[in-house]
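*Asks:* Hey, dropping final33.csv in here, CSV, C-alpha atoms and all ligand atoms:
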chain,number,residue,atom,x,y,z
E,838,MET,CA,106.6,116.3,117.5
E,839,ASP,CA,106.3,112.5,117.7
E,840,TYR,CA,109.8,112.2,119.0
E,841,LEU,CA,109.6,115.3,121.3
E,842,SER,CA,106.7,113.7,123.2
E,843,GLU,CA,109.1,110.9,124.3
E,844,PHE,CA,111.2,113.3,126.5
E,845,GLU,CA,110.2,113.9,130.1
E,846,ASP,CA,109.6,117.5,131.4
E,847,ASN,CA,112.8,119.6,131.5
E,848,TYR,CA,114.9,116.8,130.1
E,849,PHE,CA,117.1,119.2,128.2
E,850,ASP,CA,119.0,122.0,129.9
E,851,ILE,CA,118.8,124.2,126.9
E,852,ALA,CA,117.1,124.1,123.5
E,853,ILE,CA,118.9,126.1,120.8
E,854,VAL,CA,116.6,126.0,117.8
E,855,ASP,CA,116.1,127.6,114.4
E,856,PRO,CA,112.7,126.5,113.0
E,857,PRO,CA,111.5,127.6,109.5
E,858,TYR,CA,109.5,130.8,109.6
E,859,PHE,CA,108.0,130.5,106.2
E,860,SER,CA,106.6,127.5,104.4
E,861,GLY,CA,108.9,126.7,101.6
E,862,PRO,CA,111.7,126.4,101.0
E,863,GLU,CA,111.3,128.2,97.7
E,864,LYS,CA,108.2,130.3,98.4
E,865,ARG,CA,110.5,133.2,99.2
E,866,ARG,CA,112.9,132.7,96.3
E,867,TYR,CA,115.5,132.4,99.1
E,868,TYR,CA,118.4,131.8,96.8
E,869,GLY,CA,117.3,133.8,93.8
E,870,ARG,CA,115.6,132.3,90.8
E,871,LYS,CA,115.1,128.6,90.6
E,872,ASN,CA,117.0,128.3,87.4
E,873,SER,CA,120.3,130.1,87.5
E,874,PRO,CA,121.2,131.9,84.3
E,875,ILE,CA,124.7,130.7,84.6
E,876,GLY,CA,123.8,127.2,85.7
E,877,VAL,CA,124.6,127.4,89.4
E,878,LYS,CA,122.9,124.7,91.3
E,879,ARG,CA,120.4,126.2,93.7
E,880,LEU,CA,120.7,124.8,97.2
E,881,TYR,CA,117.0,124.8,97.9
E,882,GLU,CA,116.1,122.7,94.9
E,883,GLU,CA,117.0,119.6,96.8
E,884,LEU,CA,115.0,120.4,100.0
E,885,SER,CA,111.6,119.0,100.6
E,886,GLU,CA,108.6,121.1,101.7
E,887,TRP,CA,108.4,122.2,105.3
E,888,GLU,CA,105.9,123.7,107.7
E,889,VAL,CA,106.1,126.7,110.0
E,890,PRO,CA,105.8,125.2,113.6
E,891,ALA,CA,102.5,125.8,115.3
E,892,LYS,CA,101.8,126.7,119.0
E,893,GLU,CA,101.9,123.0,120.0
E,894,TYR,CA,105.6,122.8,118.9
E,895,PHE,CA,106.6,125.7,121.2
E,896,ASP,CA,104.5,124.4,124.1
E,897,GLU,CA,106.3,121.0,123.7
E,898,LEU,CA,109.7,122.7,123.4
E,899,LEU,CA,109.1,124.7,126.6
E,900,ARG,CA,107.9,121.5,128.4
E,901,ILE,CA,111.0,119.4,127.6
E,902,SER,CA,113.7,122.1,128.0
E,903,LYS,CA,114.6,124.3,131.0
E,904,ASN,CA,115.8,127.2,128.8
E,905,GLN,CA,115.5,128.1,125.2
E,906,ILE,CA,117.1,130.2,122.5
E,907,ILE,CA,114.7,130.4,119.6
E,908,PHE,CA,115.7,132.1,116.3
E,909,GLY,CA,113.0,133.7,114.1
E,910,VAL,CA,111.1,134.9,117.3
E,911,ASN,CA,109.8,137.9,115.4
E,912,TYR,CA,107.9,135.7,112.9
E,913,PHE,CA,106.1,133.4,115.4
E,914,ASP,CA,102.8,134.2,117.1
E,915,TYR,CA,103.7,132.9,120.6
E,916,PRO,CA,103.9,134.7,124.0
E,917,PHE,CA,107.6,134.6,124.4
E,918,GLY,CA,109.3,136.5,127.3
E,919,PRO,CA,111.3,139.7,126.8
E,920,GLY,CA,114.8,138.3,126.4
E,921,ARG,CA,116.3,138.8,123.0
E,922,ILE,CA,119.6,138.0,121.2
E,923,VAL,CA,120.3,140.1,118.1
E,924,TRP,CA,122.7,138.6,115.5
E,925,ASP,CA,124.0,141.4,113.4
E,926,LYS,CA,125.3,139.8,110.1
E,927,VAL,CA,127.3,142.9,109.2
E,928,ASN,CA,126.1,142.4,105.7
E,929,GLY,CA,126.5,145.9,104.3
E,930,ARG,CA,124.2,146.7,101.5
E,931,SER,CA,122.9,143.2,101.0
E,932,SER,CA,119.1,143.0,100.4
E,933,PHE,CA,118.8,140.2,103.0
E,934,SER,CA,117.9,141.0,106.6
E,935,ASP,CA,120.6,142.9,108.5
E,936,CYS,CA,119.9,141.0,111.7
E,937,GLU,CA,118.3,137.9,113.0
E,938,LEU,CA,116.4,137.9,116.3
E,939,ALA,CA,116.2,135.1,118.9
E,940,TYR,CA,114.2,134.7,122.0
E,941,CYS,CA,116.4,133.9,125.0
E,942,SER,CA,114.9,132.7,128.2
E,943,LEU,CA,118.1,133.2,130.1
E,944,HIS,CA,117.8,137.0,130.5
E,945,ASP,CA,115.3,139.7,130.1
E,946,SER,CA,117.6,142.1,128.3
E,947,THR,CA,118.7,142.3,124.6
E,948,ARG,CA,122.2,141.2,123.7
E,949,LEU,CA,124.0,141.9,120.5
E,950,PHE,CA,126.4,139.6,118.6
E,951,ARG,CA,128.2,140.8,115.5
E,952,TYR,CA,129.4,138.3,113.0
E,953,MET,CA,129.7,138.9,109.2
E,954,TRP,CA,127.8,136.4,107.1
E,955,ASN,CA,127.1,137.7,103.6
E,956,GLY,CA,127.9,135.2,100.8
E,957,MET,CA,131.7,134.9,100.6
E,958,MET,CA,132.2,137.6,103.2
E,959,GLN,CA,132.5,135.9,106.6
E,960,GLY,CA,133.7,137.0,110.0
E,961,LYS,CA,137.3,136.5,111.1
E,962,SER,CA,136.6,135.1,114.6
E,963,ILE,CA,134.1,135.3,117.4
E,964,SER,CA,135.9,138.4,118.9
E,965,GLU,CA,136.5,140.0,115.5
E,966,GLY,CA,133.3,139.0,113.8
E,967,HIS,CA,132.8,142.5,112.3
E,968,ILE,CA,136.1,142.1,110.4
E,969,GLN,CA,136.1,140.1,107.2
E,970,GLN,CA,138.1,136.8,107.2
E,971,GLY,CA,141.0,137.7,104.9
E,972,ASN,CA,141.6,134.2,103.6
E,973,LYS,CA,138.6,132.9,101.7
E,974,LYS,CA,140.0,129.4,101.9
E,975,LEU,CA,139.3,129.5,105.7
E,976,ASN,CA,135.6,130.4,105.0
E,977,GLU,CA,133.0,128.0,106.3
E,978,ILE,CA,131.6,125.9,103.4
E,979,ARG,CA,127.8,126.4,103.0
E,980,ILE,CA,125.6,123.3,102.4
E,981,HIS,CA,122.2,124.8,103.4
E,982,PRO,CA,120.3,127.9,102.2
E,983,THR,CA,119.7,129.2,105.7
E,984,GLN,CA,122.9,127.9,107.3
E,985,LYS,CA,124.1,129.8,110.4
E,986,PRO,CA,127.9,130.1,111.2
E,987,ILE,CA,129.4,127.6,113.6
E,988,ASN,CA,130.9,130.6,115.4
E,989,LEU,CA,127.4,131.9,116.2
E,990,TYR,CA,126.6,128.6,118.0
E,991,ARG,CA,130.1,128.5,119.6
E,992,LEU,CA,129.4,131.9,121.2
E,993,LEU,CA,125.9,130.8,122.3
E,994,VAL,CA,127.2,127.7,124.1
E,995,GLN,CA,130.1,129.7,125.6
E,996,LYS,CA,127.7,132.3,127.0
E,997,TYR,CA,124.6,130.3,127.8
E,998,ALA,CA,125.5,126.6,128.4
E,999,LYS,CA,127.3,125.1,131.3
E,1000,LYS,CA,129.4,122.0,131.7
E,1001,GLY,CA,127.3,118.8,131.7
E,1002,ASP,CA,124.3,120.4,130.0
E,1003,LYS,CA,122.1,118.4,127.6
E,1004,ILE,CA,121.3,120.5,124.5
E,1005,LEU,CA,118.5,120.1,121.9
E,1006,ASP,CA,118.3,121.4,118.3
E,1007,THR,CA,115.0,120.4,116.7
E,1008,HIS,CA,115.9,121.9,113.2
E,1009,VAL,CA,119.5,121.0,112.6
E,1010,GLY,CA,119.8,122.0,108.9
E,1011,SER,CA,123.6,122.0,108.1
E,1012,ALA,CA,124.6,120.9,111.6
E,1013,SER,CA,126.5,124.1,112.5
E,1014,SER,CA,124.9,123.9,115.9
E,1015,LEU,CA,125.9,120.2,116.5
E,1016,ILE,CA,129.5,120.9,115.5
E,1017,ALA,CA,129.7,123.6,118.2
E,1018,PHE,CA,128.0,121.3,120.8
E,1019,GLU,CA,130.3,118.4,119.9
E,1020,GLU,CA,133.4,120.6,120.1
E,1021,ALA,CA,132.5,121.9,123.5
E,1022,GLY,CA,131.8,118.4,124.8
E,1023,PHE,CA,128.1,118.7,125.3
E,1024,GLU,CA,125.6,115.8,125.2
E,1025,TYR,CA,123.1,116.7,122.5
E,1026,VAL,CA,120.1,115.6,120.4
E,1027,GLY,CA,119.4,116.9,116.9
E,1028,PHE,CA,116.5,116.4,114.5
E,1029,GLU,CA,116.4,117.1,110.7
E,1030,LYS,CA,113.4,116.1,108.7
E,1031,ASP,CA,114.7,116.4,105.2
E,1032,PRO,CA,116.4,113.1,104.3
E,1033,ILE,CA,119.0,114.7,101.9
E,1034,MET,CA,119.9,117.5,104.3
E,1035,PHE,CA,120.0,114.9,107.1
E,1036,GLU,CA,122.7,112.9,105.2
E,1037,LYS,CA,124.7,116.0,104.3
E,1038,ALA,CA,124.6,117.3,107.8
E,1039,LYS,CA,125.6,113.9,109.2
E,1040,LYS,CA,128.6,113.8,106.8
E,1041,ARG,CA,129.6,117.4,107.7
E,1042,LEU,CA,129.5,116.5,111.4
E,1043,GLU,CA,131.4,113.3,110.9
E,1044,GLU,CA,134.1,115.0,108.8
E,1045,TYR,CA,134.4,117.6,111.6
E,1046,LYS,CA,134.8,114.8,114.2
E,1047,ARG,CA,137.4,113.0,112.1
E,1048,LYS,CA,139.5,116.2,111.6
E,1049,SER,CA,139.4,117.0,115.3
E,1050,PHE,CA,140.5,113.4,116.1
E,1051,GLU,CA,143.4,113.8,113.6
E,1052,LEU,CA,144.4,117.0,115.2
E,1053,ILE,CA,144.3,115.5,118.7
E,1054,SER,CA,146.3,112.5,117.6
E,1055,LEU,CA,148.9,114.8,116.0
E,1056,PHE,CA,149.1,116.8,119.1
E,1057,GLU,CA,149.6,113.7,121.2
E,1058,VAL,CA,152.4,112.3,118.9
E,1059,GLU,CA,154.2,115.7,119.1
E,1060,GLU,CA,154.0,115.7,122.9
E,1061,VAL,CA,155.4,112.1,123.1
E,1062,GLU,CA,158.3,113.1,120.7
E,1063,GLU,CA,159.2,116.1,122.9
O,1,LIG,C1,116.1,127.4,109.2
O,1,LIG,S1,116.6,125.8,108.8
O,1,LIG,C2,117.9,125.5,110.0
O,1,LIG,C3,119.2,126.0,109.6
O,1,LIG,C4,120.3,125.7,110.6
O,1,LIG,N1,120.2,126.5,111.8
O,1,LIG,C5,121.7,125.8,110.0
O,1,LIG,O1,122.5,126.5,110.6
O,1,LIG,O2,122.0,125.2,109.0
O,1,LIG,C6,115.3,124.8,109.3
O,1,LIG,C7,115.6,123.3,109.0
O,1,LIG,O3,114.5,122.6,109.6
O,1,LIG,C8,114.2,121.5,108.8
O,1,LIG,N2,112.8,121.1,109.2
O,1,LIG,C9,111.7,121.6,108.8
O,1,LIG,N3,110.6,121.0,109.5
O,1,LIG,C10,111.2,120.1,110.3
O,1,LIG,C11,110.6,119.2,111.3
O,1,LIG,N4,109.3,119.1,111.5
O,1,LIG,N5,111.5,118.5,112.0
O,1,LIG,C12,112.8,118.6,111.8
O,1,LIG,N6,113.4,119.4,110.9
O,1,LIG,C13,112.6,120.2,110.2
O,1,LIG,C14,114.3,121.9,107.4
O,1,LIG,O4,114.5,120.9,106.5
O,1,LIG,C15,115.6,122.9,107.5
O,1,LIG,O5,116.7,122.1,107.2
How does this structure look as structure tokens?

*Replies:*
Amino acid sequence: MDYLSEFEDNYFDIAIVDPPYFSGPEKRRYYGRKNSPIGVKRLYEELSEWEVPAKEYFDELLRISKNQIIFGVNYFDYPFGPGRIVWDKVNGRSSFSDCELAYCSLHDSTRLFRYMWNGMMQGKSISEGHIQQGNKKLNEIRIHPTQKPINLYRLLVQKYAKKGDKILDTHVGSASSLIAFEEAGFEYVGFEKDPIMFEKAKKRLEEYKRKSFELISLFEVEEVEE
């Protein structure tokens, strides 16, 4: 909230945010029991306590951004407009939620996006998100207990952002959002309060930038050789 107050009205073209909707992180036993019977390290053990954002946060978000996509809309007591995005996680019989809901200020209708996200079972691509990625080695590595897939954010920017937009994510978590913003060439600002998660997310984003740079360099060398 301290930093958001520094931005002028409508500074960002779009805010794509995923705030926590329960105080925790372990209040809900999100990733099972704290002590795994087989010694698996629980992701949430490292995360610090967080708070569910209050009305003031949403007021401020709407002040500094022209448009918003806000995940967890069904958990927040705030008078959002009618537009909704439904992310169907194609998660079969998992006991986790089948879908996540976001408020979207860019339309009044409800739009559906299917992308498998259930433990090791992940979607193949944006267009074939309902089909499981056959090669587990290509799965996205998870560093955060409530990490969303990069492909979800890729789709959101493809559909809802336009060239030159400035994008805000106030609750970065694993940086899946920032990777998609970076890749599409947007100017962006991200916040993450937890210091350990901040470092992990920064490392993930930097690794992504380095790999993209290596790919571009390889491509340029091949072009020269031809
Ligand atoms: C639901 S998670 C976001 C997950 C993210 N969308 C992803 O794909 O990884 C919410 C994140 O917000 C962070 N957080 C909680 N309160 C915050 C605050 N006041 N400012 C910034 N980050 C905060 C938590 O540490 C957590 O990493």

*Asks:* Between CA of Tyr990 (chain E) and CA of Asn904 (chain E), what is the spacing in Å?

*Replies:*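 Between these atoms lies a distance of 15.3 Å.
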
*Asks:* Rounded to one decimal place, report the CA of Pro916 (chain E)-CA of Ser1014 (chain E) distance in Å.

*Replies:*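 Value for the CA of Pro916 (chain E)-CA of Ser1014 (chain E) distance: 25.0 Å.
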
*Asks:* Find the residues near ligand LIG 1 (chain O). Use a cut-off of 8 Å, count all atoms listed in the file, and write them as a ChimeraX atom specification.

*Replies:* /E:838,854-858,884-890,980-987,1007-1014,1028-1031,1034-1035

*Asks:* Looking at all atoms listed in the file, which of E:Asn928, E:Ser942, E:Ser860, E:Gln905 is the one that sits closest to Met958 (chain E)?

*Replies:*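 With all atoms listed in the file as the atom set, the closest residue is E:Asn928.
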
*Asks:* To one decimal place, how far is CA of Tyr952 (chain E) from CA of Glu965 (chain E) in Å?

*Replies:*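 Pair CA of Tyr952 (chain E) / CA of Glu965 (chain E) returns 7.7 Å.
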
*Asks:* From the set E:Lys1039, E:Arg921, E:Arg1047, E:Lys903, which residue has the shortest atom-to-atom contact distance to Cys941 (chain E), counting all atoms listed in the file?

*Replies:*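 Under the stated criterion, the closest residue is E:Arg921.
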
*Asks:* Tell me which of E:Phe849, E:Phe917, E:Phe933, E:Tyr940 sits closest to Ile1004 (chain E), counting all atoms listed in the file.

*Replies:*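 Ranking E:Phe849, E:Phe917, E:Phe933, E:Tyr940 by distance to Ile1004 (chain E), first place goes to E:Phe849.
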
*Asks:* For Phe1018 (chain E), which of E:Ala852, E:Ile968, E:Glu1044, E:Glu843 is the closest residue, counting only C-alpha atoms?

*Replies:* E:Ala852

*Asks:* I'd like the neighbourhood of Arg948 (chain E) as a JSON list (two decimals) with C-alpha atoms, keeping the file's coordinate frame, where a residue qualifies if any of its atoms comes within 10 Å (using only C-alpha atoms), though same-chain residues fewer than 5 positions away should be ignored.

*Replies:*
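For reference, part.json as written:
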[["chain", "number", "residue", "atom", "x", "y", "z"],
["E", 920, "GLY", "CA", 114.80, 138.30, 126.40],
["E", 921, "ARG", "CA", 116.30, 138.80, 123.00],
["E", 922, "ILE", "CA", 119.60, 138.00, 121.20],
["E", 923, "VAL", "CA", 120.30, 140.10, 118.10],
["E", 924, "TRP", "CA", 122.70, 138.60, 115.50],
["E", 938, "LEU", "CA", 116.40, 137.90, 116.30],
["E", 939, "ALA", "CA", 116.20, 135.10, 118.90],
["E", 941, "CYS", "CA", 116.40, 133.90, 125.00]]

*Asks:* Please determine, counting only C-alpha atoms, which residue among E:Val927, E:Ile851, E:Ile901, E:Leu989 has the shortest atom-to-atom distance to Gln969 (chain E).

*Replies:* E:Val927

*Asks:* Within 12 Å of Arg991 (chain E), counting all atoms listed in the file, which residues show up once you throw out same-chain ones fewer than 3 positions away? Write them as a list in words, please.

*Replies:*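 Selected residues are Ile853, Phe950, Tyr952, Ser962, Ile963, Ser964, Lys985, Pro986, Ile987, Asn988, Val994, Gln995, Lys996, Tyr997, Ala998, Ser1013, Ser1014, Leu1015, Ile1016, Ala1017, Phe1018, Glu1019, Glu1020, Ala1021, Gly1022 and Phe1023 of chain E.
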
*Asks:* Hey, what's within 10 Å of Leu975 (chain E) if we count only C-alpha atoms and toss same-chain stuff fewer than 4 positions away? As a list in words, please?

*Replies:*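 Near neighbours after the sequence-gap exclusion: Gln959, Lys961, Gln970 and Gly971 of chain E.
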
*Asks:* When you count all atoms listed in the file, which of these residues is closest to Leu1005 (chain E): E:Tyr1025, E:Lys926, E:Pro919, E:Glu1043?

*Replies:*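 Nearest candidate to Leu1005 (chain E) out of E:Tyr1025, E:Lys926, E:Pro919, E:Glu1043: E:Tyr1025.
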
*Asks:* Can you patch up region 910-933 of chain E, filling it in to N, CA and C atoms, and show the result as a short mmCIF file (atom, residue, chain, number, x, y, z; two decimals), keeping the file's coordinate frame?

*Replies:*
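selection_22.cif written:
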data_model
loop_
_atom_site.label_atom_id
_atom_site.label_comp_id
_atom_site.auth_asym_id
_atom_site.auth_seq_id
_atom_site.Cartn_x
_atom_site.Cartn_y
_atom_site.Cartn_z
N VAL E 910 112.16 134.58 116.28
CA VAL E 910 111.10 134.90 117.30
C VAL E 910 110.13 135.95 116.72
N ASN E 911 110.62 136.87 115.90
CA ASN E 911 109.80 137.90 115.40
C ASN E 911 108.73 137.44 114.37
N TYR E 912 108.87 136.20 113.91
CA TYR E 912 107.90 135.70 112.90
C TYR E 912 106.85 134.79 113.56
N PHE E 913 107.06 134.39 114.83
CA PHE E 913 106.10 133.40 115.40
C PHE E 913 105.14 134.08 116.36
N ASP E 914 103.90 133.63 116.26
CA ASP E 914 102.80 134.20 117.10
C ASP E 914 102.77 133.33 118.38
N TYR E 915 103.59 133.70 119.36
CA TYR E 915 103.70 132.90 120.60
C TYR E 915 104.09 133.89 121.71
N PRO E 916 103.53 133.74 122.92
CA PRO E 916 103.90 134.70 124.00
C PRO E 916 105.23 134.48 124.64
N PHE E 917 106.30 134.72 123.89
CA PHE E 917 107.60 134.60 124.40
C PHE E 917 107.92 135.70 125.44
N GLY E 918 108.84 135.45 126.38
CA GLY E 918 109.30 136.50 127.30
C GLY E 918 110.08 137.57 126.63
N PRO E 919 110.63 138.51 127.42
CA PRO E 919 111.30 139.70 126.80
C PRO E 919 112.71 139.49 126.32
N GLY E 920 113.43 138.47 126.78
CA GLY E 920 114.80 138.30 126.40
C GLY E 920 115.08 138.14 124.95
N ARG E 921 116.06 138.88 124.42
CA ARG E 921 116.30 138.80 123.00
C ARG E 921 117.84 138.70 122.73
N ILE E 922 118.21 137.96 121.69
CA ILE E 922 119.60 138.00 121.20
C ILE E 922 119.46 138.54 119.75
N VAL E 923 120.27 139.54 119.43
CA VAL E 923 120.30 140.10 118.10
C VAL E 923 121.59 139.65 117.41
N TRP E 924 121.48 138.94 116.30
CA TRP E 924 122.70 138.60 115.50
C TRP E 924 122.77 139.57 114.36
N ASP E 925 123.77 140.47 114.43
CA ASP E 925 124.00 141.40 113.40
C ASP E 925 124.95 140.77 112.35
N LYS E 926 124.47 140.57 111.13
CA LYS E 926 125.30 139.80 110.10
C LYS E 926 126.28 140.71 109.41
N VAL E 927 126.37 141.98 109.82
CA VAL E 927 127.30 142.90 109.20
C VAL E 927 127.34 142.73 107.70
N ASN E 928 126.15 142.79 107.12
CA ASN E 928 126.10 142.40 105.70
C ASN E 928 125.94 143.63 104.75
N GLY E 929 126.39 144.79 105.21
CA GLY E 929 126.50 145.90 104.30
C GLY E 929 125.23 146.27 103.59
N ARG E 930 125.33 146.29 102.26
CA ARG E 930 124.20 146.70 101.50
C ARG E 930 123.38 145.53 100.92
N SER E 931 123.59 144.38 101.46
CA SER E 931 122.90 143.20 101.00
C SER E 931 121.35 143.42 101.18
N SER E 932 120.54 142.81 100.30
CA SER E 932 119.10 143.00 100.40
C SER E 932 118.51 141.99 101.45
N PHE E 933 119.33 141.08 101.96
CA PHE E 933 118.80 140.20 103.00
C PHE E 933 118.74 140.92 104.33
#
